[in-house]
Amino acid sequence: MQYRTKYNNPSVARKLTLWEKLYIPEVIRGMITTFKHLFRPKFTRQYPEERWDAPASFRGRPVLVMEDNGVERCVACGLCSRVCPPLAIEVRASETELLKERYPVVFEINMLRCIFCGYCEEVCPEEAIIMSKEYELSFRDPSEGIFGKDKLLVPKAELQERLDYLAKMRN
Amino acid sequence: MPKITIDGRELEAQAGQTIIQVATENGIDIPHFCWHPALTVAGNCRMCLVEVEKTPKLQIACATPIADGMVVKTLSEPAVTGREDVMEFLLINHPLDCPICDEAGQCKLQDYAFEHSRGESRFVEEKNHKDKRVPLGPQVLFDGERCISCSRCIRFATEIAEQPVLTFVHRGDHVTIVADPDMGFDNNMSMNVIDICPVGALTSRDFRFKARVWDMSFTDSICPGCSRGCNIRVGIRNNEIERLEPRNNPNVNGYWMCDHGRLSTYPPVNEARIEGPLMKDAKGIQQHTDNDAAARKVAEELSKYSKDEVLLLGSARLPVEDNYALLKLAKEKFGKQHIPFITHIEGQDERLLLRADKTPNALGATLVGCVADGHYQHVHGENEAKKTVLELLRSRKIKVVFSIAGDFLKDPQLLEAFEDVEFFATCSSNDTVTCRRADVVFSTSAWAERDGVFVNFEGWVQQLRPAVATKYFMRGIDHMHMSRLDRFGSPFDKWARGNKRNAREAWRMVELVANNMGARWKYLHTEDLFDEIVKMVPDFKGMSYDSIGRLGQPIATKHGEVKEPIYKEVYQESTERIESVGSVIL
Ligand code: SF4
Ligand code: SF4
Ligand code: SF4
Ligand code: SF4
Ligand code: FES
């Protein structure tokens with residue numbers, strides 16, 4: 001409140017001198033800075049032609065690990081859904097003949113809700129949901145933001161770097 | 001009366017009680033697995049170890065009788081270490097597969113591992129492996145690895161279900177449970193073992209993996225499966241009933257409910273519902289309409305006929321309020337003193353719970369003044385009872401029928417007798433044969449979607465509570481139970497969007513019809529009707545929704561076959577105290 005009154009109040013604002021009011025010297029000062037940077041090394045990345053490869057510690061969108069036999073690791077325990085602060089995850093379990101007994105018939109993450117906190121990865125007893133490197137998420141419709149198993153399942157081989165990183169951090 | 005001291009509190013006790021009984025009655029929670037108040041004492045899990053002064057070793061609280069002046073310590077160092085050691089032993093071979101176990105969240109082993117164990121194991125050996133997913137009977141699956149050999153299920157089968165087919169086999173850490181291979185654990189009480197198993201070793205084939213406990217809300221209600229009216233809790237996720245479980249009421253059902261009630265009463269709430277009120281158009285095709293238009297039509301038709309051509313049909317499946325409202329309409333507009341209803345008698349009364357009468361409220365409907373098809377005749381003596389619905393219809397005088405009963409036309413005899421009926425309006429929650437025959441169908445709330453009062457065959461007045469939200473009954477506004485998902489979900493979340501049906505209580509339809517016939521009823525809630533019943537019907541004298549509460553109340557004047565309560569043991573009389581403690585999981 002105080003902040004607002006102080007800076008919105010014209011009687012408190014600093015009076016400009018005539019030199020400052022002319023603006024031209026300030027414009028020239030700005031142009032000099034711009035020209036200096038023309039000859040310095042460039043930091044700008046030419047996105048999207050040039051993409052950033054995130055390090056293994058990066059928390060991109062959460063994905064489900066798909067084992068080599070094409071089955072998800074997830075046992076649909078629902079812990080990630082319980083821990084997720086913005087309630088982005090829905091898991092619905094069902095029975096499978098496989099040894100793991102339970103699997104997720106429905107596994108959905110609402111990417112409009114996800115805050116990339118990584119809690120789901122941390123709580124998962126199976127290391128079945130992990131943070132990937134993907135950060136490109138844009139949708140034209142809110143319903144597109146709900147990712148089902150088709151979008152979430154990623155083969156284990158593609159996630160090896162993160163899995164190794166997690167193993168390293170654990171010890 | 002002997003006095004004992006537990007953790008410094010001096011407590012009155014009765015001679016012959018055990019330490020754990022006195023403790024539980026007084027709200028002191030002594031950790032236990034094998035002890036269950038309704039079963040004999042086995043004393044085999046050793047979890048209930050307590051220190052008793054002047055005794056050299058720790059004692060098990062479940063099997064140690066009290067003595068005057070006894071001093072018990074449940075929190076002393078030896079008692080705590082003793083419990084921790086027992087937990088360590090129990091966990092040696094436990095698979096710790098909580099992530100895939102349905103019990104997780106309400107598991108005694110999980111809770112005690114958190115509260116009463118050291119949090120780490122000193123055993124590095126490979127765990128024993130046993131069979132998983134073994135069917136013990138048609139409804140119950142057994143996981144050998146999770147079993148902690150407490151023998152609760154065996155004692156239940158022998159003592160309560162009286163089908164002694166479960167037993168331990170093998171010895172030591174190879175001990176496991178098998179069912180008689182010829183018979184299997186197959187009886188109408190079988191699923192209760194799933195509730196009393198302190199771990200997730202016994203799981204329900206019907207429920208397996210449907211929902212997590214912490215995602216569900218639980219509402220206390222009454223099973224509508226038969227005239228016993230077992231006290232239950234309705235487990236809801238995303239506005240769908242996922243399962244029912246029994247709730248302890250020593251006067252009605254003890255700790256149990258039957259498999260028939262558990263499995264057959266909830267699917268009709270979830271499935272095959274009608275979408276809203278329907279009315280036949282000029283071509284005889286049912287079209288969607290609204291309640292007001294439907295009620296206008298029914299009122300118009302009812303007024304066309306003389307009193308003797310009209311049949312108003314009550315329902316033993318609906319609470320007393322709805323029957324009362326219909327009866328009131330019958331009295332005010334047609335000068336009838338009684339309305340008939342149809343009961344559903346099937347099979348024999350079972351030894352424990354299930355009754356031959358499969359309707360939950362035949363006595364209640366009778367008490368407010370309806371008359372059944374002969375079954376409850378003796379209750380109110382000579383009256384219209386003898387004219388069964390069938391006779392009435394066969395007399396071919398009936399031209400118009402307005403019924404609040406659901407699917408009664410599935411009975412082919414009745415359907416045939418319906419031939420001469422010119423106009424038929426009914427209330428229904430499901431899409432049934434009856435609905436298809438009707439000219440007007442009001443979409444009414446199922447038993448889990450509303451308030452209401454049932455009276456069981458013994459005269460216990462009990463209360464239904466809304467567990468499933470409808471378009472008119474909202475979770476947040478109407479003080480219904482809310483799970484975490486209900487509280488935080490938005491309309492954009494699929495898991496919070498659950499189907500809310502366009503259905504209201506049947507008495508509201510009766511009220512609409514009555515008001516269209518010139519009456520001026522104004523009831524806001526089901527409770528208003530009950531308050532009126534209390535004033536009009538002596539059997540409900542002095543009652544209110546509050547006084548009925550969660551455990552029910554016997555009718556004021558004892559009509560009908562009111563029997564002694566089925567459970568009368570000392571420990572069960574203390575239920576109310578136990579219930580009030582709340583956190584004690586038995
Ligand atoms: S925590 Fe892991 S195993 Fe459990 S539901 Fe989530 S992803 Fe599946
Ligand atoms: S990263 Fe965080 S917000 Fe996103 S799904 Fe996982 S737990 Fe939820
Ligand atoms: S199956 Fe459950 S109730 Fe039966 S002995 Fe094992 S742990 Fe106890
Ligand atoms: S005995 Fe009757 S009331 Fe009890 S659970 Fe079975 S059907 Fe329901
Ligand atoms: S030994 Fe007492 S509860 Fe099991």
# chains A, B, ... in the order shown; residues from 1 in each chain; ligands from 1
>>> interface_residues(of="chain A", to="chain B", cutoff="6 Å", atoms="only C-alpha atoms", output="ChimeraX atom specification")
/A:77,93-94
>>> residues_near_ligand(ligand="ligand 2", cutoff="7 Å", atoms="only C-alpha atoms and all ligand atoms", output="list of chain:residue names")
A:Pro62, A:Cys80, A:Val83, A:Cys84, A:Pro85, A:Pro86, A:Leu87, A:Ala88, A:Ile89, A:Ile109, A:Arg113, A:Cys114, A:Ile115, A:Phe116, A:Cys117, A:Gly118, A:Tyr119, A:Cys120, A:Glu121
>>> residues_near_ligand(ligand="ligand 3", cutoff="6 Å", atoms="only C-alpha atoms and all ligand atoms", output="list in words")
Cys147, Ile148, Ser149, Cys150, Ser151, Arg152, Cys153, Cys197, Pro198, Val199, Ala201 and Leu202 of chain B
>>> residues_near_ligand(ligand="ligand 4", cutoff="6 Å", atoms="only C-alpha atoms and all ligand atoms", output="NGL selection string")
:B and (223-230 or 257-258 or 260-262 or 353-354)
>>> select_by_dssp(residues="chain A", states="alpha helix (DSSP H)", output="PyMOL selection string")
chain A and resi 2-8+18-22+24-38+79-83+119-123+149-152+160-170
>>> write_last_selection(atoms="C-alpha atoms", output="JSON list (two decimals), in the first residue's frame")
[["chain", "number", "residue", "atom", "x", "y", "z"],
["A", 2, "GLN", "CA", 2.72, 2.37, 1.07],
["A", 3, "TYR", "CA", 4.71, 1.46, -2.04],
["A", 4, "ARG", "CA", 1.86, 2.39, -4.30],
["A", 5, "THR", "CA", 1.10, 5.76, -2.72],
["A", 6, "LYS", "CA", 4.73, 6.75, -2.84],
["A", 7, "TYR", "CA", 5.32, 6.11, -6.53],
["A", 8, "ASN", "CA", 1.93, 7.09, -7.82],
["A", 18, "LEU", "CA", 16.01, 20.77, -18.35],
["A", 19, "TRP", "CA", 18.95, 18.64, -19.63],
["A", 20, "GLU", "CA", 17.03, 15.50, -18.83],
["A", 21, "LYS", "CA", 13.84, 16.84, -20.31],
["A", 22, "LEU", "CA", 15.54, 17.29, -23.70],
["A", 24, "ILE", "CA", 18.37, 13.64, -26.99],
["A", 25, "PRO", "CA", 21.49, 12.98, -24.91],
["A", 26, "GLU", "CA", 19.67, 10.00, -23.29],
["A", 27, "VAL", "CA", 18.77, 8.61, -26.70],
["A", 28, "ILE", "CA", 22.38, 8.82, -27.80],
["A", 29, "ARG", "CA", 23.54, 7.09, -24.62],
["A", 30, "GLY", "CA", 21.16, 4.24, -25.34],
["A", 31, "MET", "CA", 22.34, 3.87, -28.95],
["A", 32, "ILE", "CA", 25.96, 3.63, -27.81],
["A", 33, "THR", "CA", 25.08, 0.70, -25.57],
["A", 34, "THR", "CA", 23.26, -1.01, -28.42],
["A", 35, "PHE", "CA", 26.17, -0.61, -30.84],
["A", 36, "LYS", "CA", 28.65, -1.89, -28.26],
["A", 37, "HIS", "CA", 26.72, -5.13, -28.05],
["A", 38, "LEU", "CA", 26.79, -5.64, -31.82],
["A", 79, "LEU", "CA", 0.76, -42.05, -4.33],
["A", 80, "CYS", "CA", 1.83, -39.55, -6.98],
["A", 81, "SER", "CA", -1.76, -38.48, -7.32],
["A", 82, "ARG", "CA", -1.99, -38.12, -3.53],
["A", 83, "VAL", "CA", 1.18, -36.09, -3.19],
["A", 119, "TYR", "CA", 7.10, -34.61, -5.98],
["A", 120, "CYS", "CA", 5.50, -37.38, -8.03],
["A", 121, "GLU", "CA", 8.91, -38.63, -9.03],
["A", 122, "GLU", "CA", 10.14, -38.46, -5.48],
["A", 123, "VAL", "CA", 7.23, -40.35, -3.93],
["A", 149, "LYS", "CA", -1.00, -42.89, -21.17],
["A", 150, "ASP", "CA", -0.41, -42.52, -24.90],
["A", 151, "LYS", "CA", 1.52, -39.30, -24.36],
["A", 152, "LEU", "CA", 3.01, -40.15, -20.98],
["A", 160, "GLN", "CA", 18.32, -43.57, -19.11],
["A", 161, "GLU", "CA", 20.12, -40.33, -18.35],
["A", 162, "ARG", "CA", 17.55, -39.24, -15.77],
["A", 163, "LEU", "CA", 17.36, -42.73, -14.27],
["A", 164, "ASP", "CA", 21.14, -42.74, -13.84],
["A", 165, "TYR", "CA", 20.99, -39.29, -12.32],
["A", 166, "LEU", "CA", 18.32, -40.40, -9.83],
["A", 167, "ALA", "CA", 20.37, -43.45, -8.90],
["A", 168, "LYS", "CA", 23.39, -41.24, -8.34],
["A", 169, "MET", "CA", 21.52, -38.75, -6.19],
["A", 170, "ARG", "CA", 20.04, -41.49, -4.08]]
>>> closest_residue(among="A:Ala56, A:Ile129, A:Val105, A:Leu99", to="ligand 1", atoms="only C-alpha atoms and all ligand atoms")
A:Ile129
>>> residues_around(residues="region 508-523 of chain B", least_positions_apart="3", cutoff="6 Å", atoms="only C-alpha atoms", output="number ranges by chain")
B: 295-296, 299, 505, 528
>>> select_by_dssp(residues="region 72-122 of chain A", states="strand (DSSP E)", output="list in words")
Ile89, Glu90, Val91, Arg92, Ala93, Ser94, Glu95, Arg102, Tyr103, Pro104, Val105, Val106, Phe107, Glu108, Ile109 and Asn110 of chain A
>>> residues_around(residues="Glu51 (chain B)", least_positions_apart="2", cutoff="8 Å", atoms="only C-alpha atoms", output="PyMOL selection string")
chain B and resi 49+53+55+57-59+72-74+76+78-79
>>> write_last_selection(atoms="N, CA, C and O atoms", output="mmCIF file, in the first residue's frame")
data_model
loop_
_atom_site.group_PDB
_atom_site.id
_atom_site.type_symbol
_atom_site.label_atom_id
_atom_site.label_comp_id
_atom_site.auth_asym_id
_atom_site.auth_seq_id
_atom_site.Cartn_x
_atom_site.Cartn_y
_atom_site.Cartn_z
ATOM 1 N N LEU B 49 0.939 -56.484 23.995
ATOM 2 C CA LEU B 49 1.747 -56.574 25.213
ATOM 3 C C LEU B 49 1.667 -55.296 26.047
ATOM 4 O O LEU B 49 1.825 -54.189 25.529
ATOM 5 N N GLU B 53 1.977 -54.375 36.744
ATOM 6 C CA GLU B 53 2.824 -54.306 37.943
ATOM 7 C C GLU B 53 2.765 -55.601 38.730
ATOM 8 O O GLU B 53 1.713 -56.228 38.825
ATOM 9 N N THR B 55 4.077 -58.335 37.938
ATOM 10 C CA THR B 55 4.182 -59.535 37.103
ATOM 11 C C THR B 55 5.557 -59.473 36.446
ATOM 12 O O THR B 55 5.930 -58.412 35.926
ATOM 13 N N LYS B 57 6.805 -60.739 33.659
ATOM 14 C CA LYS B 57 6.925 -60.541 32.205
ATOM 15 C C LYS B 57 5.782 -59.687 31.670
ATOM 16 O O LYS B 57 4.766 -59.518 32.319
ATOM 17 N N LEU B 58 5.957 -59.211 30.453
ATOM 18 C CA LEU B 58 4.866 -58.470 29.805
ATOM 19 C C LEU B 58 3.683 -59.414 29.591
ATOM 20 O O LEU B 58 3.863 -60.603 29.336
ATOM 21 N N GLN B 59 2.481 -58.872 29.685
ATOM 22 C CA GLN B 59 1.276 -59.689 29.522
ATOM 23 C C GLN B 59 0.519 -59.246 28.274
ATOM 24 O O GLN B 59 0.576 -58.076 27.895
ATOM 25 N N VAL B 72 -1.796 -51.233 35.237
ATOM 26 C CA VAL B 72 -1.339 -51.569 33.884
ATOM 27 C C VAL B 72 -0.655 -50.360 33.273
ATOM 28 O O VAL B 72 -1.121 -49.235 33.418
ATOM 29 N N LYS B 73 0.462 -50.629 32.609
ATOM 30 C CA LYS B 73 1.136 -49.528 31.914
ATOM 31 C C LYS B 73 1.264 -49.894 30.442
ATOM 32 O O LYS B 73 1.857 -50.910 30.114
ATOM 33 N N THR B 74 0.713 -49.068 29.582
ATOM 34 C CA THR B 74 0.835 -49.378 28.153
ATOM 35 C C THR B 74 1.930 -48.547 27.510
ATOM 36 O O THR B 74 2.303 -48.792 26.371
ATOM 37 N N SER B 76 4.935 -47.668 29.188
ATOM 38 C CA SER B 76 6.231 -47.767 29.866
ATOM 39 C C SER B 76 7.269 -48.319 28.893
ATOM 40 O O SER B 76 6.943 -48.924 27.870
ATOM 41 N N PRO B 78 9.378 -50.957 28.944
ATOM 42 C CA PRO B 78 9.303 -52.371 28.540
ATOM 43 C C PRO B 78 8.139 -52.637 27.589
ATOM 44 O O PRO B 78 8.284 -53.401 26.623
ATOM 45 N N ALA B 79 6.973 -52.006 27.825
ATOM 46 C CA ALA B 79 5.819 -52.254 26.955
ATOM 47 C C ALA B 79 6.100 -51.761 25.540
ATOM 48 O O ALA B 79 5.819 -52.452 24.548
#
>>> closest_residue(among="B:Gly235, B:Gly347, B:Pro538, B:Gly452", to="Leu367 (chain B)", atoms="only C-alpha atoms")
B:Pro538
>>> residues_around(residues="Phe473 (chain B)", least_positions_apart="2", cutoff="10 Å", atoms="only C-alpha atoms", output="ChimeraX atom specification")
/B:445,449-450,466-471,475-480,500-504
>>> write_last_selection(atoms="all heavy atoms", output="short mmCIF file (atom, residue, chain, number, x, y, z; two decimals), in the first residue's frame")
data_model
loop_
_atom_site.label_atom_id
_atom_site.label_comp_id
_atom_site.auth_asym_id
_atom_site.auth_seq_id
_atom_site.Cartn_x
_atom_site.Cartn_y
_atom_site.Cartn_z
N SER B 445 -34.73 -39.99 -6.66
CA SER B 445 -33.44 -40.28 -6.05
C SER B 445 -33.36 -41.74 -5.62
O SER B 445 -34.32 -42.29 -5.11
CB SER B 445 -33.23 -39.44 -4.80
OG SER B 445 -33.60 -38.11 -5.04
N GLU B 449 -29.03 -41.28 -2.38
CA GLU B 449 -29.01 -39.88 -2.79
C GLU B 449 -29.91 -39.00 -1.92
O GLU B 449 -30.24 -37.89 -2.33
CB GLU B 449 -29.47 -39.76 -4.24
CG GLU B 449 -28.46 -40.32 -5.22
CD GLU B 449 -29.04 -40.48 -6.62
OE1 GLU B 449 -30.27 -40.57 -6.77
OE2 GLU B 449 -28.25 -40.53 -7.56
N ARG B 450 -30.32 -39.50 -0.75
CA ARG B 450 -31.35 -38.74 -0.05
C ARG B 450 -31.36 -39.02 1.44
O ARG B 450 -30.76 -39.95 1.93
CB ARG B 450 -32.70 -39.13 -0.63
CG ARG B 450 -32.90 -40.64 -0.65
CD ARG B 450 -34.30 -41.01 -0.96
NE ARG B 450 -35.15 -40.41 0.05
CZ ARG B 450 -36.46 -40.31 -0.05
NH1 ARG B 450 -37.07 -40.77 -1.10
NH2 ARG B 450 -37.16 -39.76 0.91
N PRO B 466 -27.68 -38.83 2.69
CA PRO B 466 -27.25 -38.71 1.29
C PRO B 466 -25.74 -38.89 1.14
O PRO B 466 -24.98 -38.22 1.83
CB PRO B 466 -27.69 -37.31 0.90
CG PRO B 466 -27.88 -36.58 2.19
CD PRO B 466 -28.22 -37.58 3.23
N ALA B 467 -25.35 -39.80 0.26
CA ALA B 467 -23.93 -40.03 0.02
C ALA B 467 -23.55 -39.62 -1.40
O ALA B 467 -22.41 -39.24 -1.66
CB ALA B 467 -23.61 -41.51 0.24
N VAL B 468 -24.51 -39.74 -2.31
CA VAL B 468 -24.26 -39.40 -3.71
C VAL B 468 -24.96 -38.07 -4.01
O VAL B 468 -26.13 -37.90 -3.67
CB VAL B 468 -24.82 -40.51 -4.63
CG1 VAL B 468 -24.61 -40.16 -6.09
CG2 VAL B 468 -24.17 -41.85 -4.31
N ALA B 469 -24.24 -37.16 -4.62
CA ALA B 469 -24.82 -35.85 -4.93
C ALA B 469 -25.70 -35.95 -6.16
O ALA B 469 -25.47 -36.76 -7.05
CB ALA B 469 -23.73 -34.82 -5.14
N THR B 470 -26.77 -35.14 -6.22
CA THR B 470 -27.61 -35.06 -7.41
C THR B 470 -27.56 -33.62 -7.91
O THR B 470 -26.89 -32.78 -7.34
CB THR B 470 -29.06 -35.42 -7.09
OG1 THR B 470 -29.56 -34.48 -6.14
CG2 THR B 470 -29.18 -36.82 -6.53
N LYS B 471 -28.33 -33.36 -8.95
CA LYS B 471 -28.38 -31.98 -9.45
C LYS B 471 -28.95 -31.05 -8.39
O LYS B 471 -28.72 -29.85 -8.42
CB LYS B 471 -29.27 -31.92 -10.69
CG LYS B 471 -28.60 -32.45 -11.92
CD LYS B 471 -29.03 -31.68 -13.16
CE LYS B 471 -28.05 -31.81 -14.28
NZ LYS B 471 -27.75 -33.17 -14.69
N ARG B 475 -22.86 -31.45 -2.64
CA ARG B 475 -21.95 -31.88 -1.61
C ARG B 475 -21.56 -30.76 -0.65
O ARG B 475 -21.68 -30.88 0.55
CB ARG B 475 -20.68 -32.43 -2.27
CG ARG B 475 -20.31 -33.77 -1.78
CD ARG B 475 -19.32 -34.42 -2.70
NE ARG B 475 -19.95 -35.53 -3.38
CZ ARG B 475 -20.30 -36.66 -2.77
NH1 ARG B 475 -20.07 -36.82 -1.50
NH2 ARG B 475 -20.89 -37.61 -3.43
N GLY B 476 -21.13 -29.66 -1.22
CA GLY B 476 -20.63 -28.59 -0.38
C GLY B 476 -21.74 -27.91 0.40
O GLY B 476 -21.63 -27.68 1.60
N ILE B 477 -22.86 -27.65 -0.27
CA ILE B 477 -23.92 -26.86 0.34
C ILE B 477 -24.72 -27.68 1.33
O ILE B 477 -25.10 -27.21 2.39
CB ILE B 477 -24.84 -26.30 -0.76
CG1 ILE B 477 -24.01 -25.39 -1.67
CG2 ILE B 477 -26.01 -25.55 -0.18
CD1 ILE B 477 -24.74 -24.93 -2.90
N ASP B 478 -24.98 -28.94 0.99
CA ASP B 478 -25.88 -29.73 1.82
C ASP B 478 -25.16 -30.56 2.88
O ASP B 478 -25.67 -31.57 3.33
CB ASP B 478 -26.76 -30.61 0.93
CG ASP B 478 -27.70 -29.77 0.09
OD1 ASP B 478 -28.51 -29.06 0.69
OD2 ASP B 478 -27.60 -29.79 -1.14
N HIS B 479 -23.99 -30.14 3.25
CA HIS B 479 -23.24 -30.78 4.34
C HIS B 479 -23.03 -32.26 4.12
O HIS B 479 -23.12 -33.06 5.04
CB HIS B 479 -23.95 -30.57 5.68
CG HIS B 479 -24.18 -29.12 5.97
ND1 HIS B 479 -23.15 -28.27 6.30
CD2 HIS B 479 -25.31 -28.38 5.95
CE1 HIS B 479 -23.64 -27.06 6.47
NE2 HIS B 479 -24.94 -27.09 6.26
N MET B 480 -22.79 -32.66 2.88
CA MET B 480 -22.49 -34.06 2.66
C MET B 480 -21.00 -34.27 2.89
O MET B 480 -20.22 -33.33 2.90
CB MET B 480 -22.85 -34.45 1.22
CG MET B 480 -24.34 -34.40 0.97
SD MET B 480 -24.73 -34.53 -0.75
CE MET B 480 -24.28 -36.20 -1.09
N LYS B 500 -23.92 -36.29 -11.84
CA LYS B 500 -24.94 -35.88 -10.87
C LYS B 500 -26.29 -35.96 -11.56
O LYS B 500 -26.55 -35.25 -12.51
CB LYS B 500 -24.68 -34.48 -10.35
CG LYS B 500 -23.39 -34.42 -9.58
CD LYS B 500 -23.13 -33.07 -8.97
CE LYS B 500 -21.76 -33.01 -8.33
NZ LYS B 500 -20.64 -33.21 -9.30
N ARG B 501 -27.14 -36.88 -11.06
CA ARG B 501 -28.37 -37.15 -11.80
C ARG B 501 -29.46 -36.14 -11.52
O ARG B 501 -29.53 -35.54 -10.46
CB ARG B 501 -28.91 -38.54 -11.45
CG ARG B 501 -28.21 -39.64 -12.17
CD ARG B 501 -27.23 -40.27 -11.28
NE ARG B 501 -26.38 -41.24 -11.93
CZ ARG B 501 -25.35 -41.79 -11.30
NH1 ARG B 501 -25.05 -41.45 -10.08
NH2 ARG B 501 -24.59 -42.66 -11.91
N ASN B 502 -30.32 -36.05 -12.51
CA ASN B 502 -31.49 -35.21 -12.39
C ASN B 502 -32.56 -36.03 -11.68
O ASN B 502 -33.44 -36.62 -12.30
CB ASN B 502 -31.94 -34.81 -13.80
CG ASN B 502 -33.17 -33.96 -13.78
OD1 ASN B 502 -33.64 -33.56 -12.72
ND2 ASN B 502 -33.71 -33.69 -14.94
N ALA B 503 -32.46 -36.12 -10.36
CA ALA B 503 -33.39 -36.94 -9.60
C ALA B 503 -33.69 -36.27 -8.27
O ALA B 503 -32.82 -35.68 -7.66
CB ALA B 503 -32.79 -38.32 -9.35
N ARG B 504 -34.96 -36.35 -7.86
CA ARG B 504 -35.34 -35.80 -6.56
C ARG B 504 -36.13 -36.83 -5.78
O ARG B 504 -36.59 -37.83 -6.34
CB ARG B 504 -36.19 -34.54 -6.73
CG ARG B 504 -35.57 -33.51 -7.64
CD ARG B 504 -36.22 -32.17 -7.45
NE ARG B 504 -35.64 -31.51 -6.28
CZ ARG B 504 -35.95 -30.26 -5.90
NH1 ARG B 504 -36.85 -29.59 -6.55
NH2 ARG B 504 -35.38 -29.72 -4.86
#
>>> residues_near_ligand(ligand="ligand 5", cutoff="6 Å", atoms="only C-alpha atoms and all ligand atoms", output="list in words")
His32, Phe33, Cys34, Trp35, Gly43, Asn44, Cys45, Arg46, Met47, Cys48, Ile60, Ala61 and Cys62 of chain B
>>> write_last_selection(atoms="C-alpha atoms", output="compact mmCIF listing (two decimals), in the first residue's frame")
# COMPACT_ATOMS: atom_id res chain seq x y z
CA HIS B 32 -3.81 -55.33 18.69
CA PHE B 33 -4.23 -57.54 15.64
CA CYS B 34 -5.89 -60.80 16.61
CA TRP B 35 -8.36 -59.53 19.22
CA GLY B 43 -3.88 -64.37 21.86
CA ASN B 44 -1.55 -65.26 19.05
CA CYS B 45 -0.28 -62.00 17.59
CA ARG B 46 1.35 -60.70 20.82
CA MET B 47 0.90 -57.11 19.69
CA CYS B 48 -1.12 -56.14 22.75
CA ILE B 60 -1.06 -59.77 26.54
CA ALA B 61 -3.90 -57.38 27.27
CA CYS B 62 -6.45 -59.33 25.23
>>> closest_atom_pairs(of="region 222-265 of chain B", to="region 544-557 of chain B", cutoff="9 Å", atoms="only C-alpha atoms", output="JSON lines")
{"residue": "B:Asn231", "atom": "CA", "partner": "B:Leu551", "partner_atom": "CA", "distance": 7.9}
{"residue": "B:Asn248", "atom": "CA", "partner": "B:Leu551", "partner_atom": "CA", "distance": 8.7}
{"residue": "B:Asn249", "atom": "CA", "partner": "B:Leu551", "partner_atom": "CA", "distance": 6.2}
{"residue": "B:Pro250", "atom": "CA", "partner": "B:Leu551", "partner_atom": "CA", "distance": 8.8}
{"residue": "B:Asn251", "atom": "CA", "partner": "B:Leu551", "partner_atom": "CA", "distance": 8.3}
{"residue": "B:Val252", "atom": "CA", "partner": "B:Leu551", "partner_atom": "CA", "distance": 8.9}
